[in-house]
Amino acid sequence: MGINNIVKIPATVGFLLFANLCHMQTCTAIGTILATNNTIKDGDTLVSGRGEDFALGFFSPHNSTNRYVGIWYNKIRPETIVWVANRDKPLADSSGIITIDVNGDLVILDGRGGAIWSTNTSTLAKIAHAELLDTGNLQLREVDSDNSTRRVLWESFNYTSDTFLPTMKLYSDPKRNDTRLGMTSWRSASDPSPGNFSSSIDPQNLPQVVILDGADLRWRSGPWDDRTFIGVPDMDYMYLNGFNLHKNYEGMIEVSYDYFNDSFYNRYVLDSLGMLKQFVWEEEKNSWFTVWSAPDTECDLYGRCGPNGRCSMSSSPICNCLKGFEPKYSGEWNGGNWSAGCVRSKQLECEKNGNGSWKGDGFLKMERIKVPDFADSLAAGSLTECEEKCQKNCSCVAYAHNSLIRCMIWGGDLMDIQQFAKGGVDFNIRLPASELGSLDFIAGEMAYVGFLHAIRSVEEKGLCGLSSCCVQG
């Protein structure tokens with residue numbers, strides 16, 4: 001693929017190369033640290049230390065003359081922007097500067113000295129330095145007179161744009177309904193202001209990553225199982241590893257990712273069309289390669305087949321009601337409008353009995369399934385125990401077992417079920433005995449037909465070792 005051919009350039013050589021490049025582009029590399037009372041003018045760049053992988057400065061998006069302050073890959077051309085400061089307030093010309101004001105805040109000033117953007121830390125710092133780290137994180141720090149760090153006042157990794165970089169973290173605090181540090185798409189390729197799409201952690205009992213279109217759910221990753229998001233079949237591949245999810249005792253959820261191999265550049269981007277993509281830089285082709293994207297198919301779109309519907313790209317049409325269910329509105333369903341989904345054809349036995357008795361219901365196993373939304377976890381170690389606990393609770397309409405999550409259960413409508421060509425988990429849906437009986441009948445009929453074919457084959461070939469199957473003439 002070529003990504004292993006990227007070689008980290010030594011710092012001294014890298015700085016000379018960058019200085020020559022800046023000379024050709026009439027820009028100036030001013031080092032790695034911006035101190036109080038120093039400025040970065042339009043045309044200057046602040047370069048990250050050590051590997052000099054990132055640069056901070058002014059830029060204009062494609063087909064735009066507006067000026068923004070951003071961070072981009074220092075050694076890749078054309079510029080690939082990973083963070084933007086003044087997304088909502090562009091400069092109209094090249095008169096802007098970046099500086100640290102008397103309060104210790106990092107600010108962008110226009111040609112008249114007006115502040116159009118600020119870190120706004122609300123903390124007074126006598127001496128402050130801004131440094132661009134080699135992770136791409138811009139840190140504002142309060143320092144002592146000997147330049148030793150007293151505390152970090154602000155950092156760009158806490159204010160994500162459309163890009164998720166290694167060592168970045170996404171947080172979610174369900175107690176405060178806070179999903180800060182999520183990604184927000186650009187409005188268009190030429191406008192970095194916040195667009196319609198966002199991606200963050202959905203702080204359910206079993207956390208998952210989601211993409212929203214405004215307030216509407218567009219895609220979800222499925223639950224985290226301490227190793228992967230189980231609704232992403234390709235996550236076991238090497239370029240999708242390195243994720244970590246941590247949940248503290250207060251319920252705060254933190255997602256980050258990193259790689260043991262930092263010899264290639266990679267990033268996740270939520271683009272202006274609502275696609276979450278992973279890119280890896282291919283040195284040989286001098287271009288970004290798309291490793292993974294979501295939503296990638298029509299079935300990836302949230303709730304494509306409505307409640308209690310199953311979506312499969314190998315089926316035609318792609319939407320079918322789950323076994324034991326029928327279209328809620330058959331006319332709409334037959335016309336290709338599946339949004340209303342499906343309802344049960346027959347009442348569950350436990351609902352009929354009225355006394356909560358579970359006898360008479362059973363479970364149908366479906367394979368390679370992206371489990372539906374709103375999963376709850378249940379204390380059950382084995383698959384058998386998980387089934388028993390679900391079966392004895394009439395409100396439990398389905399269950400699944402994962403070796404790491406253990407027991408997952410669902411109540412009510414089953415939303416956003418997808419059947420994969422590979423991957424996924426076994427999913428077990430509760431059905432009344434009459435529905436299961438029809439399945440047993442079909443299975444029995446198929447077995448009997450198979451038996452008759454076997455007998456016929458034996459007779460045709462004249463294999464009479466089984467005397468009960470052959471008639472000697």
# chains A, B, ... in the order shown; residues from 1 in each chain; ligands from 1
>>> residues_around(residues="Val107 in chain A", least_positions_apart="6", cutoff="12 Å", atoms="only C-alpha atoms", output="list in words")
Leu34, Thr36, Asn37, Asn38, Thr39, Ile40, Val69, Ala85, Asn86, Gly96, Ile97, Ile98, Thr99, Ile100, Asp101, Gly113, Gly114, Ala115, Ile116, Trp117, Ser118, Thr119, Asn120, Thr121, Ala130 and Leu140 of chain A
>>> residues_around(residues="Ile76 in chain A", least_positions_apart="4", cutoff="12 Å", atoms="only C-alpha atoms", output="PyMOL selection string")
chain A and resi 6+18+21+52-55+72+80-81+264-265+281-283+285-288
>>> select_by_dssp(residues="range 212-311 of chain A", states="strand (DSSP E)", output="ChimeraX atom specification")
/A:212-213,216-220,243-247,253-257,266-270,276-282,287-294,309-311
>>> select_by_dssp(residues="range 172-372 of chain A", states="alpha helix (DSSP H)", output="mmCIF file with all heavy atoms, in the first residue's frame")
data_model
loop_
_atom_site.group_PDB
_atom_site.id
_atom_site.type_symbol
_atom_site.label_atom_id
_atom_site.label_comp_id
_atom_site.auth_asym_id
_atom_site.auth_seq_id
_atom_site.Cartn_x
_atom_site.Cartn_y
_atom_site.Cartn_z
ATOM 1 N N SER A 330 -49.068 -1.943 4.539
ATOM 2 C CA SER A 330 -48.631 -2.783 3.420
ATOM 3 C C SER A 330 -48.504 -2.007 2.110
ATOM 4 O O SER A 330 -47.609 -2.272 1.307
ATOM 5 C CB SER A 330 -49.587 -3.964 3.240
ATOM 6 O OG SER A 330 -50.920 -3.508 3.051
ATOM 7 N N GLY A 331 -49.399 -1.038 1.899
ATOM 8 C CA GLY A 331 -49.326 -0.255 0.662
ATOM 9 C C GLY A 331 -48.031 0.527 0.564
ATOM 10 O O GLY A 331 -47.357 0.510 -0.475
ATOM 11 N N GLU A 332 -47.699 1.226 1.636
ATOM 12 C CA GLU A 332 -46.447 1.985 1.651
ATOM 13 C C GLU A 332 -45.250 1.047 1.532
ATOM 14 O O GLU A 332 -44.292 1.316 0.801
ATOM 15 C CB GLU A 332 -46.344 2.807 2.944
ATOM 16 C CG GLU A 332 -47.324 3.967 3.036
ATOM 17 C CD GLU A 332 -47.120 4.768 4.303
ATOM 18 O OE1 GLU A 332 -46.169 4.451 5.067
ATOM 19 O OE2 GLU A 332 -47.910 5.696 4.552
ATOM 20 N N TRP A 333 -45.301 -0.060 2.262
ATOM 21 C CA TRP A 333 -44.180 -0.999 2.254
ATOM 22 C C TRP A 333 -43.946 -1.554 0.854
ATOM 23 O O TRP A 333 -42.815 -1.586 0.362
ATOM 24 C CB TRP A 333 -44.470 -2.133 3.253
ATOM 25 C CG TRP A 333 -43.339 -3.102 3.406
ATOM 26 C CD1 TRP A 333 -43.085 -4.213 2.653
ATOM 27 C CD2 TRP A 333 -42.293 -3.042 4.382
ATOM 28 N NE1 TRP A 333 -41.958 -4.849 3.092
ATOM 29 C CE2 TRP A 333 -41.446 -4.161 4.159
ATOM 30 C CE3 TRP A 333 -41.997 -2.176 5.433
ATOM 31 C CZ2 TRP A 333 -40.324 -4.421 4.947
ATOM 32 C CZ3 TRP A 333 -40.879 -2.430 6.220
ATOM 33 C CH2 TRP A 333 -40.049 -3.537 5.968
ATOM 34 N N ASN A 334 -44.995 -1.982 0.211
ATOM 35 C CA ASN A 334 -44.870 -2.545 -1.134
ATOM 36 C C ASN A 334 -44.417 -1.499 -2.148
ATOM 37 O O ASN A 334 -43.850 -1.829 -3.192
ATOM 38 C CB ASN A 334 -46.187 -3.166 -1.581
ATOM 39 C CG ASN A 334 -46.571 -4.368 -0.735
ATOM 40 O OD1 ASN A 334 -45.704 -5.043 -0.176
ATOM 41 N ND2 ASN A 334 -47.879 -4.644 -0.631
ATOM 42 N N GLU A 349 -47.167 -15.365 23.473
ATOM 43 C CA GLU A 349 -47.922 -16.183 24.418
ATOM 44 C C GLU A 349 -47.907 -15.572 25.813
ATOM 45 O O GLU A 349 -48.912 -15.587 26.525
ATOM 46 C CB GLU A 349 -47.341 -17.603 24.458
ATOM 47 C CG GLU A 349 -47.495 -18.390 23.172
ATOM 48 C CD GLU A 349 -48.949 -18.637 22.812
ATOM 49 O OE1 GLU A 349 -49.774 -18.761 23.739
ATOM 50 O OE2 GLU A 349 -49.263 -18.705 21.609
ATOM 51 N N CYS A 350 -46.774 -15.014 26.215
ATOM 52 C CA CYS A 350 -46.679 -14.444 27.564
ATOM 53 C C CYS A 350 -47.587 -13.228 27.713
ATOM 54 O O CYS A 350 -48.056 -12.928 28.802
ATOM 55 C CB CYS A 350 -45.235 -14.087 27.899
ATOM 56 S SG CYS A 350 -44.543 -12.745 26.903
ATOM 57 N N GLU A 351 -47.859 -12.529 26.616
ATOM 58 C CA GLU A 351 -48.783 -11.401 26.653
ATOM 59 C C GLU A 351 -50.230 -11.893 26.707
ATOM 60 O O GLU A 351 -51.086 -11.295 27.369
ATOM 61 C CB GLU A 351 -48.573 -10.510 25.428
ATOM 62 C CG GLU A 351 -47.225 -9.794 25.417
ATOM 63 C CD GLU A 351 -46.993 -9.034 24.115
ATOM 64 O OE1 GLU A 351 -47.656 -9.347 23.106
ATOM 65 O OE2 GLU A 351 -46.143 -8.138 24.123
ATOM 66 N N LYS A 352 -50.505 -12.987 26.032
ATOM 67 C CA LYS A 352 -51.850 -13.564 26.035
ATOM 68 C C LYS A 352 -52.243 -14.036 27.419
ATOM 69 O O LYS A 352 -53.356 -13.827 27.889
ATOM 70 C CB LYS A 352 -51.902 -14.773 25.085
ATOM 71 C CG LYS A 352 -52.171 -14.449 23.643
ATOM 72 C CD LYS A 352 -52.392 -15.759 22.937
ATOM 73 C CE LYS A 352 -52.113 -15.609 21.453
ATOM 74 N NZ LYS A 352 -52.227 -16.920 20.788
ATOM 75 N N ASN A 353 -51.299 -14.702 28.066
ATOM 76 C CA ASN A 353 -51.588 -15.318 29.363
ATOM 77 C C ASN A 353 -51.940 -14.279 30.419
ATOM 78 O O ASN A 353 -52.731 -14.547 31.315
ATOM 79 C CB ASN A 353 -50.393 -16.147 29.839
ATOM 80 C CG ASN A 353 -50.127 -17.317 28.908
ATOM 81 O OD1 ASN A 353 -51.036 -17.776 28.215
ATOM 82 N ND2 ASN A 353 -48.898 -17.795 28.883
#
>>> residues_around(residues="range 162-176 of chain A", least_positions_apart="2", cutoff="9 Å", atoms="only C-alpha atoms", output="PDB file with N, CA, C and O atoms, in the first residue's frame")
ATOM      1  N   ILE A  81      -5.996  20.307   5.936  1.00  0.00           N
ATOM      2  CA  ILE A  81      -6.341  21.014   7.170  1.00  0.00           C
ATOM      3  C   ILE A  81      -6.954  20.037   8.174  1.00  0.00           C
ATOM      4  O   ILE A  81      -7.846  19.258   7.827  1.00  0.00           O
ATOM      5  N   VAL A  82      -6.488  20.092   9.422  1.00  0.00           N
ATOM      6  CA  VAL A  82      -7.010  19.198  10.459  1.00  0.00           C
ATOM      7  C   VAL A  82      -7.720  19.949  11.581  1.00  0.00           C
ATOM      8  O   VAL A  82      -8.417  19.325  12.393  1.00  0.00           O
ATOM      9  N   TRP A  83      -7.554  21.271  11.636  1.00  0.00           N
ATOM     10  CA  TRP A  83      -8.217  22.045  12.687  1.00  0.00           C
ATOM     11  C   TRP A  83      -8.324  23.499  12.233  1.00  0.00           C
ATOM     12  O   TRP A  83      -7.426  24.025  11.572  1.00  0.00           O
ATOM     13  N   VAL A  84      -9.433  24.151  12.572  1.00  0.00           N
ATOM     14  CA  VAL A  84      -9.658  25.554  12.216  1.00  0.00           C
ATOM     15  C   VAL A  84     -10.094  26.316  13.460  1.00  0.00           C
ATOM     16  O   VAL A  84     -10.987  25.866  14.189  1.00  0.00           O
ATOM     17  N   THR A 135       1.785  16.015  17.807  1.00  0.00           N
ATOM     18  CA  THR A 135       0.522  15.289  17.622  1.00  0.00           C
ATOM     19  C   THR A 135      -0.473  16.113  16.811  1.00  0.00           C
ATOM     20  O   THR A 135      -1.512  15.600  16.397  1.00  0.00           O
ATOM     21  N   GLY A 136      -0.158  17.408  16.610  1.00  0.00           N
ATOM     22  CA  GLY A 136      -1.094  18.317  15.964  1.00  0.00           C
ATOM     23  C   GLY A 136      -1.921  19.097  16.970  1.00  0.00           C
ATOM     24  O   GLY A 136      -2.804  19.863  16.583  1.00  0.00           O
ATOM     25  N   ASN A 137      -1.622  18.940  18.253  1.00  0.00           N
ATOM     26  CA  ASN A 137      -2.355  19.626  19.313  1.00  0.00           C
ATOM     27  C   ASN A 137      -1.683  20.963  19.623  1.00  0.00           C
ATOM     28  O   ASN A 137      -0.480  21.012  19.907  1.00  0.00           O
ATOM     29  N   PHE A 157      -7.074  20.211  20.941  1.00  0.00           N
ATOM     30  CA  PHE A 157      -7.666  18.878  20.928  1.00  0.00           C
ATOM     31  C   PHE A 157      -8.986  18.834  21.695  1.00  0.00           C
ATOM     32  O   PHE A 157      -9.763  17.903  21.531  1.00  0.00           O
ATOM     33  N   ASN A 158      -9.228  19.832  22.540  1.00  0.00           N
ATOM     34  CA  ASN A 158     -10.500  19.890  23.266  1.00  0.00           C
ATOM     35  C   ASN A 158     -11.592  20.607  22.468  1.00  0.00           C
ATOM     36  O   ASN A 158     -12.720  20.738  22.956  1.00  0.00           O
ATOM     37  N   THR A 160     -12.525  20.047  18.836  1.00  0.00           N
ATOM     38  CA  THR A 160     -12.353  19.346  17.571  1.00  0.00           C
ATOM     39  C   THR A 160     -13.106  20.033  16.435  1.00  0.00           C
ATOM     40  O   THR A 160     -14.220  20.528  16.635  1.00  0.00           O
ATOM     41  N   ASP A 178     -23.863  16.001  28.047  1.00  0.00           N
ATOM     42  CA  ASP A 178     -22.749  16.713  27.426  1.00  0.00           C
ATOM     43  C   ASP A 178     -21.993  15.764  26.508  1.00  0.00           C
ATOM     44  O   ASP A 178     -21.439  14.769  26.956  1.00  0.00           O
ATOM     45  N   THR A 179     -22.018  16.036  25.197  1.00  0.00           N
ATOM     46  CA  THR A 179     -21.245  15.247  24.249  1.00  0.00           C
ATOM     47  C   THR A 179     -20.192  16.127  23.593  1.00  0.00           C
ATOM     48  O   THR A 179     -20.006  16.148  22.399  1.00  0.00           O
ATOM     49  N   ARG A 180     -19.489  16.919  24.421  1.00  0.00           N
ATOM     50  CA  ARG A 180     -18.487  17.843  23.903  1.00  0.00           C
ATOM     51  C   ARG A 180     -17.353  17.073  23.252  1.00  0.00           C
ATOM     52  O   ARG A 180     -17.195  15.883  23.423  1.00  0.00           O
ATOM     53  N   LEU A 181     -16.574  17.779  22.550  1.00  0.00           N
ATOM     54  CA  LEU A 181     -15.430  17.237  21.825  1.00  0.00           C
ATOM     55  C   LEU A 181     -15.836  16.304  20.706  1.00  0.00           C
ATOM     56  O   LEU A 181     -15.082  15.449  20.289  1.00  0.00           O
ATOM     57  N   GLY A 182     -17.068  16.447  20.223  1.00  0.00           N
ATOM     58  CA  GLY A 182     -17.460  15.701  19.046  1.00  0.00           C
ATOM     59  C   GLY A 182     -16.947  16.404  17.799  1.00  0.00           C
ATOM     60  O   GLY A 182     -16.521  17.553  17.831  1.00  0.00           O
ATOM     61  N   MET A 183     -16.985  15.679  16.679  1.00  0.00           N
ATOM     62  CA  MET A 183     -16.565  16.252  15.405  1.00  0.00           C
ATOM     63  C   MET A 183     -17.753  16.936  14.738  1.00  0.00           C
ATOM     64  O   MET A 183     -18.879  16.466  14.844  1.00  0.00           O
ATOM     65  N   THR A 184     -17.468  18.028  14.040  1.00  0.00           N
ATOM     66  CA  THR A 184     -18.500  18.735  13.279  1.00  0.00           C
ATOM     67  C   THR A 184     -17.987  18.970  11.866  1.00  0.00           C
ATOM     68  O   THR A 184     -16.877  19.481  11.683  1.00  0.00           O
ATOM     69  N   SER A 185     -18.779  18.604  10.882  1.00  0.00           N
ATOM     70  CA  SER A 185     -18.355  18.718   9.486  1.00  0.00           C
ATOM     71  C   SER A 185     -18.208  20.176   9.062  1.00  0.00           C
ATOM     72  O   SER A 185     -18.766  21.082   9.683  1.00  0.00           O
ATOM     73  N   TRP A 186     -17.417  20.391   8.008  1.00  0.00           N
ATOM     74  CA  TRP A 186     -17.422  21.684   7.327  1.00  0.00           C
ATOM     75  C   TRP A 186     -18.761  21.835   6.607  1.00  0.00           C
ATOM     76  O   TRP A 186     -19.412  20.853   6.247  1.00  0.00           O
ATOM     77  N   PRO A 192     -15.323  26.246   6.030  1.00  0.00           N
ATOM     78  CA  PRO A 192     -15.104  25.422   7.227  1.00  0.00           C
ATOM     79  C   PRO A 192     -16.052  25.719   8.393  1.00  0.00           C
ATOM     80  O   PRO A 192     -15.902  25.131   9.462  1.00  0.00           O
ATOM     81  N   PRO A 194     -19.234  25.414  10.829  1.00  0.00           N
ATOM     82  CA  PRO A 194     -19.891  24.157  11.198  1.00  0.00           C
ATOM     83  C   PRO A 194     -21.047  23.802  10.266  1.00  0.00           C
ATOM     84  O   PRO A 194     -21.934  24.612  10.019  1.00  0.00           O
ATOM     85  N   SER A 198     -22.615  16.002  12.615  1.00  0.00           N
ATOM     86  CA  SER A 198     -21.742  15.905  13.785  1.00  0.00           C
ATOM     87  C   SER A 198     -21.581  14.440  14.159  1.00  0.00           C
ATOM     88  O   SER A 198     -22.418  13.598  13.827  1.00  0.00           O
ATOM     89  N   SER A 199     -20.490  14.145  14.837  1.00  0.00           N
ATOM     90  CA  SER A 199     -20.234  12.777  15.300  1.00  0.00           C
ATOM     91  C   SER A 199     -19.738  12.842  16.734  1.00  0.00           C
ATOM     92  O   SER A 199     -18.885  13.673  17.070  1.00  0.00           O
ATOM     93  N   SER A 200     -20.282  11.966  17.579  1.00  0.00           N
ATOM     94  CA  SER A 200     -19.924  11.986  18.995  1.00  0.00           C
ATOM     95  C   SER A 200     -20.214  10.619  19.599  1.00  0.00           C
ATOM     96  O   SER A 200     -20.605   9.683  18.902  1.00  0.00           O
ATOM     97  N   ILE A 201     -20.020  10.512  20.911  1.00  0.00           N
ATOM     98  CA  ILE A 201     -20.324   9.278  21.626  1.00  0.00           C
ATOM     99  C   ILE A 201     -21.765   9.343  22.116  1.00  0.00           C
ATOM    100  O   ILE A 201     -22.167  10.318  22.745  1.00  0.00           O
ATOM    101  N   ASP A 202     -22.520   8.311  21.828  1.00  0.00           N
ATOM    102  CA  ASP A 202     -23.867   8.189  22.359  1.00  0.00           C
ATOM    103  C   ASP A 202     -23.756   7.490  23.717  1.00  0.00           C
ATOM    104  O   ASP A 202     -23.413   6.301  23.776  1.00  0.00           O
ATOM    105  N   PRO A 203     -24.027   8.218  24.809  1.00  0.00           N
ATOM    106  CA  PRO A 203     -23.759   7.672  26.143  1.00  0.00           C
ATOM    107  C   PRO A 203     -24.862   6.743  26.645  1.00  0.00           C
ATOM    108  O   PRO A 203     -25.451   6.958  27.707  1.00  0.00           O
ATOM    109  N   GLN A 204     -25.149   5.701  25.890  1.00  0.00           N
ATOM    110  CA  GLN A 204     -26.115   4.716  26.350  1.00  0.00           C
ATOM    111  C   GLN A 204     -25.450   3.816  27.388  1.00  0.00           C
ATOM    112  O   GLN A 204     -24.279   3.942  27.708  1.00  0.00           O
ATOM    113  N   GLY A 242      -6.529   0.058  17.576  1.00  0.00           N
ATOM    114  CA  GLY A 242      -5.966   1.164  18.339  1.00  0.00           C
ATOM    115  C   GLY A 242      -6.973   1.979  19.111  1.00  0.00           C
ATOM    116  O   GLY A 242      -6.614   2.957  19.754  1.00  0.00           O
ATOM    117  N   GLU A 250     -18.061   8.022  37.520  1.00  0.00           N
ATOM    118  CA  GLU A 250     -19.136   9.010  37.436  1.00  0.00           C
ATOM    119  C   GLU A 250     -19.929   8.892  36.138  1.00  0.00           C
ATOM    120  O   GLU A 250     -20.862   9.649  35.907  1.00  0.00           O
ATOM    121  N   GLY A 251     -19.528   7.964  35.281  1.00  0.00           N
ATOM    122  CA  GLY A 251     -20.239   7.768  34.026  1.00  0.00           C
ATOM    123  C   GLY A 251     -19.663   8.524  32.845  1.00  0.00           C
ATOM    124  O   GLY A 251     -20.166   8.407  31.728  1.00  0.00           O
ATOM    125  N   MET A 252     -18.601   9.318  33.078  1.00  0.00           N
ATOM    126  CA  MET A 252     -17.948  10.025  31.974  1.00  0.00           C
ATOM    127  C   MET A 252     -17.299   9.007  31.031  1.00  0.00           C
ATOM    128  O   MET A 252     -16.584   8.094  31.460  1.00  0.00           O
ATOM    129  N   ILE A 253     -17.567   9.154  29.736  1.00  0.00           N
ATOM    130  CA  ILE A 253     -17.046   8.224  28.730  1.00  0.00           C
ATOM    131  C   ILE A 253     -15.991   8.940  27.888  1.00  0.00           C
ATOM    132  O   ILE A 253     -16.185  10.072  27.457  1.00  0.00           O
ATOM    133  N   GLU A 254     -14.885   8.255  27.643  1.00  0.00           N
ATOM    134  CA  GLU A 254     -13.771   8.829  26.883  1.00  0.00           C
ATOM    135  C   GLU A 254     -13.340   7.836  25.809  1.00  0.00           C
ATOM    136  O   GLU A 254     -13.092   6.672  26.104  1.00  0.00           O
ATOM    137  N   VAL A 255     -13.307   8.283  24.569  1.00  0.00           N
ATOM    138  CA  VAL A 255     -12.844   7.456  23.458  1.00  0.00           C
ATOM    139  C   VAL A 255     -11.596   8.093  22.857  1.00  0.00           C
ATOM    140  O   VAL A 255     -11.561   9.299  22.612  1.00  0.00           O
ATOM    141  N   SER A 256     -10.583   7.273  22.622  1.00  0.00           N
ATOM    142  CA  SER A 256      -9.367   7.754  21.963  1.00  0.00           C
ATOM    143  C   SER A 256      -8.848   6.647  21.055  1.00  0.00           C
ATOM    144  O   SER A 256      -9.311   5.497  21.128  1.00  0.00           O
ATOM    145  N   TYR A 257      -7.920   6.999  20.191  1.00  0.00           N
ATOM    146  CA  TYR A 257      -7.265   5.960  19.406  1.00  0.00           C
ATOM    147  C   TYR A 257      -5.828   6.349  19.148  1.00  0.00           C
ATOM    148  O   TYR A 257      -5.460   7.529  19.087  1.00  0.00           O
ATOM    149  N   ASP A 258      -4.996   5.323  19.045  1.00  0.00           N
ATOM    150  CA  ASP A 258      -3.578   5.521  18.768  1.00  0.00           C
ATOM    151  C   ASP A 258      -3.070   4.247  18.110  1.00  0.00           C
ATOM    152  O   ASP A 258      -3.727   3.205  18.157  1.00  0.00           O
ATOM    153  N   TYR A 259      -1.880   4.324  17.529  1.00  0.00           N
ATOM    154  CA  TYR A 259      -1.309   3.179  16.850  1.00  0.00           C
ATOM    155  C   TYR A 259       0.100   2.926  17.356  1.00  0.00           C
ATOM    156  O   TYR A 259       0.845   3.854  17.659  1.00  0.00           O
ATOM    157  N   ASN A 266      -2.415   9.063   9.588  1.00  0.00           N
ATOM    158  CA  ASN A 266      -3.789   8.619   9.405  1.00  0.00           C
ATOM    159  C   ASN A 266      -4.713   9.535  10.186  1.00  0.00           C
ATOM    160  O   ASN A 266      -4.308  10.155  11.177  1.00  0.00           O
ATOM    161  N   ARG A 267      -5.936   9.633   9.737  1.00  0.00           N
ATOM    162  CA  ARG A 267      -6.896  10.564  10.338  1.00  0.00           C
ATOM    163  C   ARG A 267      -8.306  10.111  10.004  1.00  0.00           C
ATOM    164  O   ARG A 267      -8.532   9.408   9.001  1.00  0.00           O
ATOM    165  N   TYR A 268      -9.249  10.489  10.860  1.00  0.00           N
ATOM    166  CA  TYR A 268     -10.678  10.321  10.582  1.00  0.00           C
ATOM    167  C   TYR A 268     -11.259  11.691  10.285  1.00  0.00           C
ATOM    168  O   TYR A 268     -10.945  12.670  10.973  1.00  0.00           O
ATOM    169  N   VAL A 269     -12.114  11.764   9.274  1.00  0.00           N
ATOM    170  CA  VAL A 269     -12.729  13.030   8.877  1.00  0.00           C
ATOM    171  C   VAL A 269     -14.228  12.835   8.704  1.00  0.00           C
ATOM    172  O   VAL A 269     -14.671  11.863   8.079  1.00  0.00           O
ATOM    173  N   LEU A 270     -15.003  13.745   9.280  1.00  0.00           N
ATOM    174  CA  LEU A 270     -16.443  13.805   9.017  1.00  0.00           C
ATOM    175  C   LEU A 270     -16.660  14.857   7.946  1.00  0.00           C
ATOM    176  O   LEU A 270     -16.524  16.059   8.201  1.00  0.00           O
ATOM    177  N   ASP A 271     -16.957  14.424   6.714  1.00  0.00           N
ATOM    178  CA  ASP A 271     -16.996  15.376   5.604  1.00  0.00           C
ATOM    179  C   ASP A 271     -18.347  16.090   5.511  1.00  0.00           C
ATOM    180  O   ASP A 271     -19.287  15.801   6.264  1.00  0.00           O
ATOM    181  N   SER A 272     -18.435  17.018   4.580  1.00  0.00           N
ATOM    182  CA  SER A 272     -19.617  17.879   4.475  1.00  0.00           C
ATOM    183  C   SER A 272     -20.840  17.138   3.946  1.00  0.00           C
ATOM    184  O   SER A 272     -21.942  17.688   3.948  1.00  0.00           O
TER     185      SER A 272
END
>>> residues_around(residues="range 294-297 of chain A", least_positions_apart="3", cutoff="10 Å", atoms="only C-alpha atoms", output="list in words")
Ile211, Arg218, Trp219, Arg220, Ser221, Val232, Leu270, Gly274, Met275, Leu276, Lys277, Gln278, Asp300, Leu301, Tyr302, Ser312 and Met313 of chain A
>>> write_last_selection(atoms="N, CA, C and O atoms", output="short mmCIF file (atom, residue, chain, number, x, y, z; two decimals), in the first residue's frame")
data_model
loop_
_atom_site.label_atom_id
_atom_site.label_comp_id
_atom_site.auth_asym_id
_atom_site.auth_seq_id
_atom_site.Cartn_x
_atom_site.Cartn_y
_atom_site.Cartn_z
N ILE A 211 -23.35 9.30 14.11
CA ILE A 211 -23.34 10.47 13.23
C ILE A 211 -24.75 11.04 13.23
O ILE A 211 -25.72 10.30 13.04
N ARG A 218 -28.11 9.45 11.93
CA ARG A 218 -27.80 9.05 10.56
C ARG A 218 -27.13 7.67 10.51
O ARG A 218 -27.39 6.87 9.63
N TRP A 219 -26.23 7.41 11.48
CA TRP A 219 -25.47 6.15 11.50
C TRP A 219 -25.00 5.90 12.92
O TRP A 219 -24.80 6.85 13.69
N ARG A 220 -24.84 4.63 13.26
CA ARG A 220 -24.29 4.28 14.57
C ARG A 220 -23.34 3.10 14.42
O ARG A 220 -23.49 2.27 13.51
N SER A 221 -22.39 3.02 15.31
CA SER A 221 -21.34 1.99 15.23
C SER A 221 -21.74 0.68 15.87
O SER A 221 -21.07 -0.33 15.68
N VAL A 232 -19.42 -2.57 13.38
CA VAL A 232 -18.48 -2.23 12.31
C VAL A 232 -17.74 -3.51 11.95
O VAL A 232 -16.77 -3.88 12.62
N LEU A 270 -15.00 13.74 9.28
CA LEU A 270 -16.44 13.80 9.02
C LEU A 270 -16.66 14.86 7.95
O LEU A 270 -16.52 16.06 8.20
N GLY A 274 -21.63 14.16 5.31
CA GLY A 274 -22.04 13.30 6.42
C GLY A 274 -21.39 11.95 6.42
O GLY A 274 -21.88 11.02 7.08
N MET A 275 -20.26 11.80 5.73
CA MET A 275 -19.52 10.55 5.70
C MET A 275 -18.35 10.62 6.68
O MET A 275 -17.57 11.58 6.65
N LEU A 276 -18.24 9.63 7.53
CA LEU A 276 -17.09 9.49 8.43
C LEU A 276 -16.09 8.57 7.74
O LEU A 276 -16.39 7.41 7.46
N LYS A 277 -14.89 9.10 7.47
CA LYS A 277 -13.91 8.35 6.68
C LYS A 277 -12.57 8.27 7.41
O LYS A 277 -12.17 9.21 8.10
N GLN A 278 -11.90 7.15 7.22
CA GLN A 278 -10.52 7.02 7.70
C GLN A 278 -9.59 7.08 6.50
O GLN A 278 -9.77 6.35 5.52
N ASP A 300 -26.62 0.94 5.86
CA ASP A 300 -25.91 1.59 6.98
C ASP A 300 -26.70 2.77 7.53
O ASP A 300 -26.47 3.19 8.66
N LEU A 301 -27.61 3.33 6.73
CA LEU A 301 -28.39 4.48 7.17
C LEU A 301 -29.33 4.06 8.30
O LEU A 301 -30.01 3.03 8.20
N TYR A 302 -29.38 4.85 9.33
CA TYR A 302 -30.11 4.47 10.54
C TYR A 302 -31.60 4.22 10.26
O TYR A 302 -32.28 5.03 9.62
N SER A 312 -30.75 -5.85 4.40
CA SER A 312 -29.65 -6.66 3.88
C SER A 312 -29.39 -6.26 2.44
O SER A 312 -30.30 -6.29 1.61
N MET A 313 -28.14 -5.90 2.15
CA MET A 313 -27.79 -5.50 0.79
C MET A 313 -27.82 -6.68 -0.19
O MET A 313 -27.83 -6.48 -1.39
#
>>> atom_distance(atom1="CA of Ala128 in chain A", atom2="CA of Ser156 in chain A")
15.5 Å
>>> closest_residue(among="A:Leu322, A:Leu245, A:Ile108, A:Cys390", to="Leu206 in chain A", atoms="only C-alpha atoms")
A:Leu245
